[in-house]
$ cat query_36.cif   # mmCIF, C-alpha atoms
data_model
#
loop_
_atom_site.group_PDB
_atom_site.id
_atom_site.type_symbol
_atom_site.label_atom_id
_atom_site.label_comp_id
_atom_site.auth_asym_id
_atom_site.auth_seq_id
_atom_site.Cartn_x
_atom_site.Cartn_y
_atom_site.Cartn_z
ATOM 1 C CA MET R 184 218.384 198.417 147.708
ATOM 2 C CA THR R 185 220.699 196.837 150.275
ATOM 3 C CA LEU R 186 222.008 193.263 150.213
ATOM 4 C CA THR R 187 222.827 191.929 153.691
ATOM 5 C CA VAL R 188 224.447 188.581 154.478
ATOM 6 C CA THR R 189 224.790 187.283 158.035
ATOM 7 C CA ASP R 190 226.804 184.255 159.203
ATOM 8 C CA LEU R 191 226.303 182.474 155.883
ATOM 9 C CA THR R 192 227.547 178.961 155.132
ATOM 10 C CA VAL R 193 227.332 177.645 151.564
ATOM 11 C CA ALA R 194 228.001 174.174 150.183
ATOM 12 C CA ARG R 195 228.980 172.495 146.930
ATOM 13 C CA GLY R 196 228.142 168.851 146.389
ATOM 14 C CA GLY R 197 226.778 168.632 149.912
ATOM 15 C CA LEU R 198 230.045 169.792 151.528
ATOM 16 C CA PRO R 199 230.460 173.279 153.056
ATOM 17 C CA VAL R 200 232.976 175.383 151.130
ATOM 18 C CA LEU R 201 232.565 178.801 152.777
ATOM 19 C CA ALA R 202 231.379 179.519 156.305
ATOM 20 C CA GLY R 203 230.720 182.461 158.603
ATOM 21 C CA LEU R 204 230.307 185.064 155.868
ATOM 22 C CA SER R 205 228.803 188.383 156.947
ATOM 23 C CA PHE R 206 228.722 191.520 154.810
ATOM 24 C CA SER R 207 226.414 194.154 153.392
ATOM 25 C CA VAL R 208 226.406 196.022 150.099
ATOM 26 C CA GLU R 209 224.625 199.369 150.037
ATOM 27 C CA PRO R 210 223.011 201.142 147.066
ATOM 28 C CA GLY R 211 225.674 202.457 144.718
ATOM 29 C CA GLN R 212 228.301 200.010 145.951
ATOM 30 C CA VAL R 213 230.140 197.116 144.324
ATOM 31 C CA LEU R 214 231.709 194.200 146.175
ATOM 32 C CA VAL R 215 234.419 192.246 144.363
ATOM 33 C CA LEU R 216 234.948 188.638 145.441
ATOM 34 C CA ARG R 217 238.551 187.449 145.438
ATOM 35 C CA GLY R 218 239.981 183.994 145.949
ATOM 36 C CA ALA R 219 241.621 181.053 144.265
ATOM 37 C CA ASN R 220 239.797 178.949 141.688
ATOM 38 C CA GLY R 221 237.475 176.508 143.411
ATOM 39 C CA ILE R 222 237.238 178.419 146.680
ATOM 40 C CA GLY R 223 233.487 178.938 146.283
ATOM 41 C CA LYS R 224 232.877 182.236 144.488
ATOM 42 C CA THR R 225 230.369 180.711 142.078
ATOM 43 C CA THR R 226 228.706 178.751 144.875
ATOM 44 C CA LEU R 227 228.318 181.935 146.908
ATOM 45 C CA LEU R 228 226.826 183.867 143.997
ATOM 46 C CA ARG R 229 224.408 181.049 143.166
ATOM 47 C CA THR R 230 223.316 180.930 146.793
ATOM 48 C CA LEU R 231 222.782 184.693 146.901
ATOM 49 C CA ALA R 232 220.724 184.401 143.726
ATOM 50 C CA GLY R 233 218.497 181.733 145.272
ATOM 51 C CA LEU R 234 219.587 179.049 142.821
ATOM 52 C CA GLN R 235 220.635 176.784 145.685
ATOM 53 C CA PRO R 236 219.900 176.821 149.426
ATOM 54 C CA ALA R 237 222.323 178.036 152.063
ATOM 55 C CA VAL R 238 223.512 175.567 154.695
ATOM 56 C CA SER R 239 222.917 178.198 157.374
ATOM 57 C CA GLY R 240 222.821 181.937 157.861
ATOM 58 C CA GLN R 241 220.657 184.687 156.441
ATOM 59 C CA ILE R 242 220.431 186.582 153.153
ATOM 60 C CA VAL R 243 218.281 189.710 153.157
ATOM 61 C CA MET R 244 217.360 191.573 149.983
ATOM 62 C CA PRO R 245 214.134 192.711 148.323
ATOM 63 C CA GLU R 246 212.323 189.843 146.623
ATOM 64 C CA ASP R 247 212.747 189.402 142.860
ATOM 65 C CA GLN R 248 215.258 192.233 142.581
ATOM 66 C CA ALA R 249 218.447 190.275 141.848
ATOM 67 C CA ALA R 250 219.857 188.942 138.589
ATOM 68 C CA TYR R 251 222.593 186.315 138.299
ATOM 69 C CA ALA R 252 224.865 186.143 135.261
ATOM 70 C CA SER R 253 227.257 183.209 134.922
ATOM 71 C CA HIS R 254 229.882 182.285 132.322
ATOM 72 C CA ALA R 255 227.072 181.400 129.896
ATOM 73 C CA ASP R 256 225.907 184.264 127.696
ATOM 74 C CA GLY R 257 222.236 183.285 127.628
ATOM 75 C CA VAL R 258 222.117 184.187 123.930
ATOM 76 C CA LYS R 259 219.493 182.687 121.624
ATOM 77 C CA ALA R 260 221.465 181.914 118.466
ATOM 78 C CA GLN R 261 218.499 181.977 116.082
ATOM 79 C CA LEU R 262 217.457 185.511 117.087
ATOM 80 C CA THR R 263 219.102 188.772 116.096
ATOM 81 C CA VAL R 264 220.915 190.954 118.611
ATOM 82 C CA ALA R 265 217.903 193.272 118.844
ATOM 83 C CA GLU R 266 215.476 190.354 119.175
ATOM 84 C CA ASN R 267 217.554 188.840 121.977
ATOM 85 C CA LEU R 268 217.411 192.053 124.003
ATOM 86 C CA ALA R 269 213.708 192.497 123.258
ATOM 87 C CA PHE R 270 213.048 188.949 124.477
ATOM 88 C CA TRP R 271 214.782 189.479 127.824
ATOM 89 C CA ALA R 272 213.233 192.893 128.312
ATOM 90 C CA GLU R 273 209.746 191.478 127.720
ATOM 91 C CA VAL R 274 210.349 188.615 130.163
ATOM 92 C CA HIS R 275 211.050 191.188 132.879
ATOM 93 C CA GLY R 276 208.330 193.635 131.854
ATOM 94 C CA GLN R 277 210.814 196.191 130.540
ATOM 95 C CA SER R 278 211.581 197.835 127.222
ATOM 96 C CA VAL R 279 214.751 198.210 125.173
ATOM 97 C CA THR R 280 216.158 201.702 124.639
ATOM 98 C CA GLU R 281 218.491 202.717 121.833
ATOM 99 C CA GLU R 282 221.057 203.666 124.443
ATOM 100 C CA ILE R 283 221.830 200.089 125.420
ATOM 101 C CA PHE R 284 223.077 199.260 121.912
ATOM 102 C CA ALA R 285 225.566 202.128 122.088
ATOM 103 C CA ILE R 286 226.697 201.316 125.633
ATOM 104 C CA PHE R 287 227.799 197.818 124.598
ATOM 105 C CA ASP R 288 228.951 198.744 121.065
ATOM 106 C CA LEU R 289 226.163 196.764 119.427
ATOM 107 C CA LEU R 290 224.718 199.391 117.081
ATOM 108 C CA ASP R 291 226.276 197.884 113.958
ATOM 109 C CA LEU R 292 225.321 194.377 115.074
ATOM 110 C CA ARG R 293 221.696 194.884 116.051
ATOM 111 C CA HIS R 294 220.306 193.061 112.985
ATOM 112 C CA ARG R 295 222.909 190.278 113.004
ATOM 113 C CA GLN R 296 221.796 186.784 113.972
ATOM 114 C CA ALA R 297 223.358 186.082 117.362
ATOM 115 C CA GLY R 298 224.674 182.713 116.248
ATOM 116 C CA THR R 299 227.035 184.435 113.805
ATOM 117 C CA LEU R 300 228.696 186.656 116.427
ATOM 118 C CA SER R 301 232.218 186.169 117.743
ATOM 119 C CA ALA R 302 232.744 185.014 121.327
ATOM 120 C CA GLY R 303 233.441 188.564 122.473
ATOM 121 C CA GLN R 304 230.411 189.957 120.660
ATOM 122 C CA LYS R 305 228.176 187.291 122.197
ATOM 123 C CA ARG R 306 229.570 188.197 125.602
ATOM 124 C CA ARG R 307 228.762 191.878 125.087
ATOM 125 C CA LEU R 308 225.242 190.903 124.042
ATOM 126 C CA GLY R 309 224.903 188.706 127.122
ATOM 127 C CA LEU R 310 226.017 191.574 129.364
ATOM 128 C CA ALA R 311 223.698 194.001 127.575
ATOM 129 C CA ARG R 312 220.831 191.919 128.980
ATOM 130 C CA LEU R 313 221.718 193.388 132.367
ATOM 131 C CA GLY R 314 220.777 196.807 131.052
ATOM 132 C CA VAL R 315 217.276 195.817 129.926
ATOM 133 C CA ILE R 316 215.962 193.610 132.745
ATOM 134 C CA GLY R 317 215.572 196.321 135.381
ATOM 135 C CA ARG R 318 217.115 194.397 138.281
ATOM 136 C CA PRO R 319 218.965 196.598 140.820
ATOM 137 C CA ILE R 320 221.072 193.800 142.362
ATOM 138 C CA LEU R 321 223.542 192.176 139.976
ATOM 139 C CA LEU R 322 225.403 188.986 140.928
ATOM 140 C CA LEU R 323 228.089 188.473 138.305
ATOM 141 C CA ASP R 324 230.408 185.505 137.879
ATOM 142 C CA GLU R 325 233.518 186.354 135.796
ATOM 143 C CA PRO R 326 231.542 188.740 133.572
ATOM 144 C CA THR R 327 234.503 189.762 131.404
ATOM 145 C CA VAL R 328 235.347 186.299 130.031
ATOM 146 C CA SER R 329 236.096 186.555 126.265
ATOM 147 C CA LEU R 330 236.227 190.370 126.352
ATOM 148 C CA ASP R 331 239.112 192.456 125.048
ATOM 149 C CA ARG R 332 240.372 195.506 126.937
ATOM 150 C CA PHE R 333 238.040 197.897 125.117
ATOM 151 C CA SER R 334 234.989 195.764 125.912
ATOM 152 C CA VAL R 335 236.021 195.378 129.558
ATOM 153 C CA LYS R 336 236.001 199.172 129.790
ATOM 154 C CA LEU R 337 232.519 199.298 128.217
ATOM 155 C CA PHE R 338 231.272 196.888 130.853
ATOM 156 C CA ALA R 339 232.956 198.759 133.725
ATOM 157 C CA ASP R 340 231.543 202.062 132.474
ATOM 158 C CA PHE R 341 228.059 200.532 132.397
ATOM 159 C CA ILE R 342 228.366 199.273 135.965
ATOM 160 C CA ARG R 343 229.732 202.603 137.241
ATOM 161 C CA ASP R 344 227.786 205.143 135.228
ATOM 162 C CA ARG R 345 224.474 203.387 134.686
ATOM 163 C CA HIS R 346 223.963 200.754 137.357
ATOM 164 C CA LEU R 347 225.679 202.087 140.470
ATOM 165 C CA ALA R 348 224.859 205.705 139.660
ATOM 166 C CA THR R 349 221.149 204.903 139.856
ATOM 167 C CA GLY R 350 221.418 203.153 143.220
ATOM 168 C CA GLY R 351 222.132 199.654 141.993
ATOM 169 C CA VAL R 352 224.261 197.051 143.767
ATOM 170 C CA ALA R 353 226.786 194.661 142.249
ATOM 171 C CA VAL R 354 228.629 191.631 143.616
ATOM 172 C CA ILE R 355 231.279 190.507 141.133
ATOM 173 C CA ALA R 356 233.598 187.514 141.109
ATOM 174 C CA THR R 357 236.583 188.398 138.950
ATOM 175 C CA HIS R 358 240.347 187.953 138.743
ATOM 176 C CA ILE R 359 240.973 191.204 136.889
ATOM 177 C CA ASP R 360 240.972 194.862 137.876
ATOM 178 C CA LEU R 361 237.843 196.454 136.441
ATOM 179 C CA GLY R 362 238.902 199.951 137.409
ATOM 180 C CA LEU R 363 235.895 200.363 139.678
ATOM 181 C CA GLU R 364 235.876 201.940 143.118
ATOM 182 C CA ALA R 365 234.978 198.799 145.023
ATOM 183 C CA ARG R 366 235.295 196.928 148.263
ATOM 184 C CA GLU R 367 237.080 193.619 147.969
ATOM 185 C CA LEU R 368 236.289 190.502 149.950
ATOM 186 C CA ASP R 369 239.007 187.863 150.185
ATOM 187 C CA LEU R 370 237.214 184.547 150.655
ATOM 188 C CA GLU R 371 240.270 182.603 151.829
ATOM 189 C CA PRO R 372 239.657 183.290 155.564
ATOM 190 C CA TYR R 373 236.133 181.908 155.155
ATOM 191 C CA ARG R 374 237.184 178.593 153.641
ATOM 192 C CA ALA R 375 235.248 175.875 155.507
ATOM 193 C CA ARG R 376 237.216 173.207 157.333
ATOM 194 C CA PRO R 377 236.004 169.782 158.488
ATOM 195 C CA GLY R 378 234.407 170.208 161.878
ATOM 196 C CA ASP R 379 234.801 173.998 161.768
ATOM 197 C CA VAL R 380 232.319 175.975 159.680
ATOM 198 C CA THR R 381 232.060 179.033 161.881
ATOM 199 C CA GLY R 382 234.028 181.278 159.508
ATOM 200 C CA SER R 383 236.202 184.282 160.214
ATOM 201 C CA SER R 384 236.120 187.995 160.922
ATOM 202 C CA ASP R 385 235.901 191.318 159.087
ATOM 203 C CA GLU R 386 239.689 191.191 158.487
ATOM 204 C CA ALA R 387 239.038 189.748 155.039
ATOM 205 C CA PHE R 388 237.687 193.105 153.802
ATOM 206 C CA LEU R 389 240.235 195.333 152.069
#

$ encode --input "query_36.cif" --output "structure tokens"
Amino acid sequence: MTLTVTDLTVARGGLPVLAGLSFSVEPGQVLVLRGANGIGKTTLLRTLAGLQPAVSGQIVMPEDQAAYASHADGVKAQLTVAENLAFWAEVHGQSVTEEIFAIFDLLDLRHRQAGTLSAGQKRRLGLARLGVIGRPILLLDEPTVSLDRFSVKLFADFIRDRHLATGGVAVIATHIDLGLEARELDLEPYRARPGDVTGSSDEAFL
């Protein structure tokens, strides 16, 4: 389940923000996007997810195999924790296992109405969706917002031990160290300039 990007240019508000991006992420790998606020991490992830068109270049991945998670939790406040996960699983033709509640420390919260959860609990519930939708390519924009250190570890363990271990792929925009064995891509060398959107070289990979 490989994600391949070739000579990609992406835009925000009609203006190119990143240009000349080329990379691939193989099964079992995670790519962490680095760069200053506003450089285009979210724009890149949204383009990879098909939520907006690329200016130019090519994105190759199996159809309908990627999931994008933004800062929003996607939680339905009127439903319980268990009902939220059941809803998302059904949308994607999957089922909810007991294991997912334990992975994200939701066992004691499963019958709580989502609207009564704390910000961190809602975030864990939002991330737990990733474990029930069956998508092997995860495109994640600052997934640990509102999480404490313990919950960040839960998320990192899920990515490492459940998602990557079964051949999944993850592209993550984050400013923190998740403790994952990952490639990092510094987006600064790919910042688009007026009249020059040809991008840079592989030197941005660390």

$ resolve_selection --input "query_36.cif" --expression "the PyMOL selection byres ((chain R and resi 329) around 9)" --output "ChimeraX atom specification"
/R:302-306,326-328,330-331

$ write_last_selection --input "query_36.cif" --atoms "C-alpha atoms" --output "mmCIF file, keeping the file's coordinate frame"
data_model
loop_
_atom_site.group_PDB
_atom_site.id
_atom_site.type_symbol
_atom_site.label_atom_id
_atom_site.label_comp_id
_atom_site.auth_asym_id
_atom_site.auth_seq_id
_atom_site.Cartn_x
_atom_site.Cartn_y
_atom_site.Cartn_z
ATOM 1 C CA ALA R 302 232.744 185.014 121.327
ATOM 2 C CA GLY R 303 233.441 188.564 122.473
ATOM 3 C CA GLN R 304 230.411 189.957 120.660
ATOM 4 C CA LYS R 305 228.176 187.291 122.197
ATOM 5 C CA ARG R 306 229.570 188.197 125.602
ATOM 6 C CA PRO R 326 231.542 188.740 133.572
ATOM 7 C CA THR R 327 234.503 189.762 131.404
ATOM 8 C CA VAL R 328 235.347 186.299 130.031
ATOM 9 C CA LEU R 330 236.227 190.370 126.352
ATOM 10 C CA ASP R 331 239.112 192.456 125.048
#

$ residues_around --input "query_36.cif" --residues "stretch 223-229 of chain R" --least-positions-apart "2" --cutoff "7 Å" --atoms "all atoms listed in the file" --output "PyMOL selection string"
chain R and resi 193+195+200-201+216+221+231-235+322+324+356

$ atom_distance --input "query_36.cif" --atom1 "atom CA of R:Glu282" --atom2 "atom CA of R:Thr357"
26.2 Å

$ closest_residue --input "query_36.cif" --among "R:Val315, R:Leu310, R:Ile222, R:Gly257" --to "R:Val274" --atoms "all atoms listed in the file"
R:Val315

$ atom_distance --input "query_36.cif" --atom1 "atom CA of R:Val188" --atom2 "atom CA of R:Ser207"
6.0 Å

$ atom_distance --input "query_36.cif" --atom1 "atom CA of R:Arg307" --atom2 "atom CA of R:Thr349"
21.1 Å

$ closest_residue --input "query_36.cif" --among "R:Leu191, R:Val208, R:Val213, R:Ala219" --to "R:Asp369" --atoms "only C-alpha atoms"
R:Ala219

$ axis_aligned_box --input "query_36.cif" --around "stretch 208-227 of chain R" --padding-each-side "5 Å" --output "lines of an AutoDock Vina configuration file"
center_x = 232.3
center_y = 189.5
center_z = 145.9
size_x = 28.6
size_y = 35.9
size_z = 18.4

$ residues_around --input "query_36.cif" --residues "stretch 240-248 of chain R" --least-positions-apart "6" --cutoff "12 Å" --atoms "all atoms listed in the file" --output "ChimeraX atom specification"
/R:184-193,201-210,227-228,230-233,275,316-322,351-353,380-382

$ resolve_selection --input "query_36.cif" --expression "the PyMOL selection byres ((chain R and resi 336) around 12)" --output "PyMOL selection string"
chain R and resi 286-288+307+326-327+330-335+337-344+359-363

$ residues_near_point --input "query_36.cif" --point "(214.9, 191.8, 119.7)" --cutoff "10 Å" --atoms "only C-alpha atoms" --output "list in words"
Leu262, Thr263, Val264, Ala265, Glu266, Asn267, Leu268, Ala269, Phe270, Trp271, Ala272, Glu273, Val279, Arg293 and His294 of chain R

$ closest_residue --input "query_36.cif" --among "R:Ala194, R:Tyr251, R:Ala260, R:Glu325" --to "R:Pro236" --atoms "all atoms listed in the file"
R:Ala194

$ closest_residue --input "query_36.cif" --among "R:His358, R:Ala237, R:Leu289, R:Ala250" --to "R:Ala311" --atoms "only C-alpha atoms"
R:Leu289

$ residues_near_point --input "query_36.cif" --point "(234.4, 194.7, 145.5)" --cutoff "6 Å" --atoms "only C-alpha atoms" --output "count of residues only"
6

$ decode --input "query_36.cif" --residues "stretch 196-208 of chain R" --atoms "all heavy atoms" --output "short mmCIF file (atom, residue, chain, number, x, y, z; two decimals), in the first residue's frame"
data_model
loop_
_atom_site.label_atom_id
_atom_site.label_comp_id
_atom_site.auth_asym_id
_atom_site.auth_seq_id
_atom_site.Cartn_x
_atom_site.Cartn_y
_atom_site.Cartn_z
N GLY R 196 -5.64 29.22 -1.43
CA GLY R 196 -6.22 30.48 -1.88
C GLY R 196 -5.80 30.85 -3.28
O GLY R 196 -5.71 32.04 -3.61
N GLY R 197 -5.53 29.86 -4.10
CA GLY R 197 -5.15 30.10 -5.49
C GLY R 197 -3.67 30.38 -5.70
O GLY R 197 -3.23 30.54 -6.85
N LEU R 198 -2.89 30.45 -4.63
CA LEU R 198 -1.46 30.75 -4.74
C LEU R 198 -0.64 29.52 -4.33
O LEU R 198 -0.88 28.93 -3.27
CB LEU R 198 -1.07 31.93 -3.83
CG LEU R 198 -1.73 33.26 -4.16
CD1 LEU R 198 -1.35 34.31 -3.10
CD2 LEU R 198 -1.32 33.74 -5.54
N PRO R 199 0.33 29.11 -5.15
CA PRO R 199 1.18 27.96 -4.79
C PRO R 199 1.90 28.22 -3.47
O PRO R 199 2.42 29.31 -3.23
CB PRO R 199 2.16 27.87 -5.96
CG PRO R 199 1.47 28.53 -7.10
CD PRO R 199 0.68 29.64 -6.49
N VAL R 200 1.91 27.20 -2.60
CA VAL R 200 2.63 27.32 -1.33
C VAL R 200 3.79 26.34 -1.24
O VAL R 200 4.80 26.61 -0.60
CB VAL R 200 1.68 27.14 -0.12
CG1 VAL R 200 0.74 28.31 -0.01
CG2 VAL R 200 0.91 25.83 -0.21
N LEU R 201 3.66 25.19 -1.88
CA LEU R 201 4.73 24.20 -1.93
C LEU R 201 4.86 23.71 -3.37
O LEU R 201 3.86 23.53 -4.07
CB LEU R 201 4.43 23.01 -1.02
CG LEU R 201 4.33 23.29 0.48
CD1 LEU R 201 3.78 22.07 1.23
CD2 LEU R 201 5.70 23.68 1.04
N ALA R 202 6.10 23.49 -3.81
CA ALA R 202 6.31 23.09 -5.19
C ALA R 202 7.46 22.10 -5.30
O ALA R 202 8.41 22.12 -4.51
CB ALA R 202 6.61 24.31 -6.06
N GLY R 203 7.36 21.21 -6.29
CA GLY R 203 8.44 20.27 -6.58
C GLY R 203 8.58 19.14 -5.60
O GLY R 203 9.65 18.51 -5.50
N LEU R 204 7.53 18.80 -4.88
CA LEU R 204 7.59 17.73 -3.89
C LEU R 204 7.58 16.36 -4.55
O LEU R 204 6.69 16.05 -5.35
CB LEU R 204 6.40 17.82 -2.94
CG LEU R 204 6.50 18.77 -1.75
CD1 LEU R 204 5.12 19.02 -1.18
CD2 LEU R 204 7.42 18.20 -0.69
N SER R 205 8.53 15.52 -4.18
CA SER R 205 8.56 14.13 -4.64
C SER R 205 8.99 13.24 -3.48
O SER R 205 10.02 13.50 -2.84
CB SER R 205 9.55 13.95 -5.81
OG SER R 205 9.13 14.64 -6.97
N PHE R 206 8.18 12.25 -3.17
CA PHE R 206 8.53 11.30 -2.11
C PHE R 206 7.63 10.07 -2.24
O PHE R 206 6.63 10.09 -2.95
CB PHE R 206 8.38 11.93 -0.72
CG PHE R 206 6.99 12.40 -0.38
CD1 PHE R 206 6.01 11.53 0.10
CD2 PHE R 206 6.65 13.74 -0.55
CE1 PHE R 206 4.74 11.98 0.41
CE2 PHE R 206 5.37 14.21 -0.23
CZ PHE R 206 4.42 13.32 0.25
N SER R 207 8.01 9.02 -1.56
CA SER R 207 7.17 7.83 -1.47
C SER R 207 7.20 7.31 -0.05
O SER R 207 8.18 7.47 0.67
CB SER R 207 7.64 6.75 -2.45
OG SER R 207 8.94 6.29 -2.09
N VAL R 208 6.09 6.71 0.35
CA VAL R 208 5.97 6.11 1.68
C VAL R 208 5.51 4.67 1.47
O VAL R 208 4.45 4.43 0.89
CB VAL R 208 4.97 6.87 2.57
CG1 VAL R 208 5.10 6.40 4.02
CG2 VAL R 208 5.20 8.37 2.49
#
